[in-house]
Each structure stands twice: as structure tokens, then as C-alpha cells.
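Q: For reference, this is final.cif, and it has mmCIF, C-alpha atoms.
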```
data_data
#
loop_
_atom_site.label_atom_id
_atom_site.label_comp_id
_atom_site.auth_asym_id
_atom_site.auth_seq_id
_atom_site.Cartn_x
_atom_site.Cartn_y
_atom_site.Cartn_z
CA MET A 26 -2.69 38.86 -5.55
CA ILE A 27 -2.65 35.08 -5.18
CA THR A 28 -4.18 33.80 -1.96
CA ASN A 29 -2.67 31.19 0.34
CA THR A 30 -5.24 28.66 -0.85
CA ALA A 31 -4.14 29.08 -4.45
CA TRP A 32 -0.49 28.56 -3.50
CA PHE A 33 -1.39 25.47 -1.51
CA LEU A 34 -3.45 23.94 -4.31
CA GLY A 35 -0.80 24.77 -6.90
CA ALA A 36 1.95 23.18 -4.82
CA PHE A 37 -0.24 20.13 -4.19
CA VAL A 38 -0.97 19.66 -7.91
CA VAL A 39 2.71 19.99 -8.78
CA TYR A 40 3.67 17.52 -6.03
CA MET A 41 1.07 14.98 -7.15
CA GLY A 42 2.19 15.36 -10.77
CA ILE A 43 5.79 14.66 -9.81
CA MET A 44 4.78 11.61 -7.75
CA VAL A 45 2.71 10.18 -10.62
CA ALA A 46 5.59 10.78 -13.06
CA ILE A 47 8.03 8.96 -10.77
CA GLY A 48 5.56 6.07 -10.38
CA ILE A 49 5.07 5.74 -14.12
CA PHE A 50 8.82 5.89 -14.76
CA PHE A 51 9.68 3.16 -12.27
CA ALA A 52 6.63 0.98 -13.02
CA GLY A 53 8.23 0.04 -16.33
CA LYS A 54 11.25 -1.39 -14.50
CA ASN A 55 9.18 -4.03 -12.67
CA SER A 56 8.73 -7.29 -14.51
CA ASN A 57 6.93 -9.28 -11.78
CA ALA A 58 5.62 -9.08 -8.22
CA GLU A 59 9.02 -9.92 -6.72
CA ASP A 60 10.54 -6.88 -8.38
CA TYR A 61 7.78 -4.74 -6.95
CA PHE A 62 7.73 -6.05 -3.38
CA LEU A 63 11.39 -6.94 -2.88
CA GLY A 64 13.17 -4.63 -5.28
CA GLY A 65 14.32 -7.65 -7.26
CA ARG A 66 16.42 -8.56 -4.19
CA ARG A 67 18.94 -5.91 -5.24
CA LEU A 68 18.54 -3.58 -2.24
CA GLY A 69 21.64 -3.02 -0.18
CA ALA A 70 21.90 -3.18 3.60
CA PHE A 71 21.72 0.62 3.90
CA VAL A 72 18.39 0.86 2.06
CA ALA A 73 16.96 -2.15 3.89
CA ALA A 74 17.93 -0.63 7.25
CA PHE A 75 16.21 2.66 6.39
CA SER A 76 13.12 0.78 5.27
CA ALA A 77 12.97 -1.20 8.50
CA GLN A 78 13.43 1.94 10.57
CA ALA A 79 10.69 3.79 8.66
CA SER A 80 8.30 0.87 9.21
CA ASP A 81 9.16 0.80 12.90
CA MET A 82 8.58 4.55 13.30
CA SER A 83 5.32 4.33 11.38
CA GLY A 84 3.99 1.63 13.69
CA TRP A 85 5.04 3.54 16.78
CA LEU A 86 3.55 6.84 15.65
CA LEU A 87 0.27 5.40 14.39
CA MET A 88 -0.41 2.89 17.18
CA GLY A 89 1.96 3.28 20.11
CA LEU A 90 1.95 7.02 20.62
CA PRO A 91 -1.85 7.42 20.76
CA GLY A 92 -1.99 4.55 23.24
CA LEU A 93 0.69 6.18 25.36
CA CYS A 94 -1.22 9.46 25.33
CA TYR A 95 -4.42 7.70 26.32
#
```
Could you rewrite the structure in this file as C-alpha cells?

A:
Amino acid sequence: MITNTAWFLGAFVVYMGIMVAIGIFFAGKNSNAEDYFLGGRRLGAFVAAFSAQASDMSGWLLMGLPGLCY
């Protein structure tokens, strides 16, 4: 019988493998730093809005919420 730890480690290894594969695949599509940081200025308003919202939530959860709790 496989233990919970084995399932966790297996899932983690598979997840990391998929993330590395995605990174390698898309790394070839970047030709310079602008492509990497700005998406070659080809991002639409929908993607930019989600990115801004994710950054806002990240800042709130990592800095604002602990301060509120304190």
C-alpha cells in the first residue's frame, strides 16, 4: 500500500516536471528582455487586468492581512 507521503511526493514531482516543461517550451519564444517582461506588448486588456488583480491580491495577502491581524 502506498502511503500518503509517497502520493504527495509523486504528485509534487509530476507538478514540477510539468512546470519545467512549460518553462522550457515558452523560453524559446522570448527573443529579448521585453518579450519576457512585457509579453512582447501583445497582451490583451483581459490578461493585463488579471495580472494587475493577482499582483494586488498578492500584496494584500502577504503584507496587508498580517498587519491587519496584528

Q: Mind pulling up the distance from CA of Val45 in chain A to CA of Asn57 in chain A?

A: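 Atom-to-atom, CA of Asn57 in chain A to CA of Val45 in chain A, that is 19.9 Å.
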
Q: In terms of the shortest atom-to-atom distance over all atoms listed in the file, which of A:Ala73, A:Tyr61, A:Leu87, A:Ala36 is closest to Gly48 in chain A?

A: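 Using all atoms listed in the file, Gly48 in chain A sits closest to A:Tyr61.
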
Q: What is the CA of Gly64 in chain A-CA of Val39 in chain A distance in Å, reported with one decimal?

A: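 CA of Val39 in chain A lies at a distance of 27.0 Å from CA of Gly64 in chain A.
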